[in-house]
Amino acid sequence: GELARGKELLRAVGVVAELPTATDVVDPSHDQLLGWAVREGLTNVARHAHATRCTVTLMPALVEIADDGVGGVVSCGNGLNGLRERVAAAGGTLEAGPIKPRGWRLRVSLDTSSGIRG
């Protein structure tokens with residue numbers, strides 16, 4: 001659901017979205033947390049990135065959202081801070097920041113061996 005909503009959100013702001021068509025690759029124990037990461041990441045692309053393209057990559061315990069926008073310094077708002085806390089509580093890591101030559105990447109990686117639900 002988050003991918004479908006995100007695709008429409010990005011379309012509305014003129015960003016070309018390269019999103020997976022299926023989410024069955026995601027470990028069911030992580031789908032809620034990774035869904036939240038998708039929602040937060042795509043909302044930030046729509047609001048702040050001034051991007052033309054955005055790509056979402058899904059794996060069993062990982063989501064990565066990258067855009068070709070303005071990048072910039074890391075500034076954690078309430079959404080990103082809340083996501084960081086939930087990811088840490090699940091034993092995962094969150095990386096967010098500018099990428100070269102331009103753009104921004106949000107990457108959430110969860111430990112598949114911990115058995116902790118997201």
# chains A, B, ... in the order shown; residues from 1 in each chain; ligands from 1

$ select_by_dssp --residues "chain A" --states "helix (DSSP H, G or I)" --output "number ranges by chain"
A: 2-12, 28-49, 78-89

$ residues_around --residues "region 100-114 of chain A" --least-positions-apart "6" --cutoff "7 Å" --atoms "only C-alpha atoms" --output "list in words"
Gly41, Ala61, Leu62, Val63, Glu64, Ile65, Ala66, Asp67, Asp68, Gly69, Val70, Gly71, Gly91, Gly92, Thr93 and Leu94 of chain A

$ write_last_selection --atoms "N, CA and C atoms" --output "CSV table (one decimal), in the first residue's frame"
chain,number,residue,atom,x,y,z
A,41,GLY,N,10.3,8.1,3.6
A,41,GLY,CA,11.3,8.5,2.6
A,41,GLY,C,10.6,9.1,1.4
A,61,ALA,N,15.1,-7.6,4.2
A,61,ALA,CA,15.2,-6.9,5.5
A,61,ALA,C,15.9,-5.5,5.2
A,62,LEU,N,15.6,-4.9,4.0
A,62,LEU,CA,16.2,-3.7,3.7
A,62,LEU,C,15.3,-2.9,2.7
A,63,VAL,N,15.3,-1.6,2.9
A,63,VAL,CA,14.7,-0.7,1.9
A,63,VAL,C,15.7,0.5,1.7
A,64,GLU,N,15.8,0.8,0.4
A,64,GLU,CA,16.6,2.0,0.1
A,64,GLU,C,15.8,2.9,-0.8
A,65,ILE,N,15.8,4.2,-0.5
A,65,ILE,CA,15.1,5.2,-1.3
A,65,ILE,C,16.1,6.2,-1.7
A,66,ALA,N,16.3,6.4,-3.0
A,66,ALA,CA,17.3,7.4,-3.5
A,66,ALA,C,16.7,8.3,-4.5
A,67,ASP,N,17.1,9.5,-4.5
A,67,ASP,CA,16.6,10.5,-5.5
A,67,ASP,C,17.7,11.3,-6.0
A,68,ASP,N,17.4,12.0,-7.1
A,68,ASP,CA,18.4,12.9,-7.8
A,68,ASP,C,18.2,14.3,-7.4
A,69,GLY,N,17.7,14.6,-6.3
A,69,GLY,CA,17.4,16.0,-5.9
A,69,GLY,C,18.6,16.8,-5.4
A,70,VAL,N,18.3,17.8,-4.6
A,70,VAL,CA,19.3,18.7,-4.2
A,70,VAL,C,20.3,18.2,-3.1
A,71,GLY,N,19.9,17.1,-2.5
A,71,GLY,CA,20.8,16.6,-1.4
A,71,GLY,C,20.8,17.5,-0.2
A,91,GLY,N,16.7,-3.4,16.2
A,91,GLY,CA,18.1,-3.9,16.0
A,91,GLY,C,18.6,-3.6,14.6
A,92,GLY,N,18.1,-2.6,14.0
A,92,GLY,CA,18.5,-2.2,12.6
A,92,GLY,C,19.3,-1.0,12.6
A,93,THR,N,19.7,-0.5,11.4
A,93,THR,CA,20.4,0.7,11.2
A,93,THR,C,19.7,1.5,10.2
A,94,LEU,N,19.8,2.8,10.3
A,94,LEU,CA,19.2,3.8,9.4
A,94,LEU,C,20.3,4.7,9.0

$ atom_distance --atom1 "CA of Leu33 (chain A)" --atom2 "CA of Gly14 (chain A)"
26.7 Å

$ closest_residue --among "A:Ala37, A:Leu10, A:Leu3, A:Val25" --to "Ala49 (chain A)" --atoms "only C-alpha atoms"
A:Leu10

$ atom_distance --atom1 "CA of Ala12 (chain A)" --atom2 "CA of Trp36 (chain A)"
20.1 Å

$ select_by_dssp --residues "region 4-118 of chain A" --states "strand (DSSP E)" --output "list in words"
Val16, Ala17, Glu18, Arg53, Cys54, Thr55, Val56, Thr57, Leu58, Met59, Leu62, Val63, Glu64, Ile65, Ala66, Asp67, Thr93, Leu94, Glu95, Ala96, Gly97, Pro98, Trp104, Arg105, Leu106, Arg107, Val108 and Ser109 of chain A

$ closest_residue --among "A:Ala51, A:Leu34, A:Val56, A:Ala46" --to "Thr21 (chain A)" --atoms "only C-alpha atoms"
A:Val56

$ residues_around --residues "Glu18 (chain A)" --least-positions-apart "3" --cutoff "8 Å" --atoms "only C-alpha atoms" --output "PyMOL selection string"
chain A and resi 53-56

$ atom_distance --atom1 "CA of Met59 (chain A)" --atom2 "CA of Gly6 (chain A)"
17.7 Å

$ residues_around --residues "Thr23 (chain A)" --least-positions-apart "6" --cutoff "10 Å" --atoms "only C-alpha atoms" --output "VMD selection string"
chain A and resid 1 3 31 35 58 to 60

$ closest_residue --among "A:Thr52, A:Ser29, A:Thr43, A:Asn81" --to "Glu2 (chain A)" --atoms "only C-alpha atoms"
A:Thr43

$ residues_around --residues "Asn44 (chain A)" --least-positions-apart "6" --cutoff "10 Å" --atoms "only C-alpha atoms" --output "list in words"
Val38, His50, Gly77, Gly79, Leu80, Trp104 and Leu106 of chain A
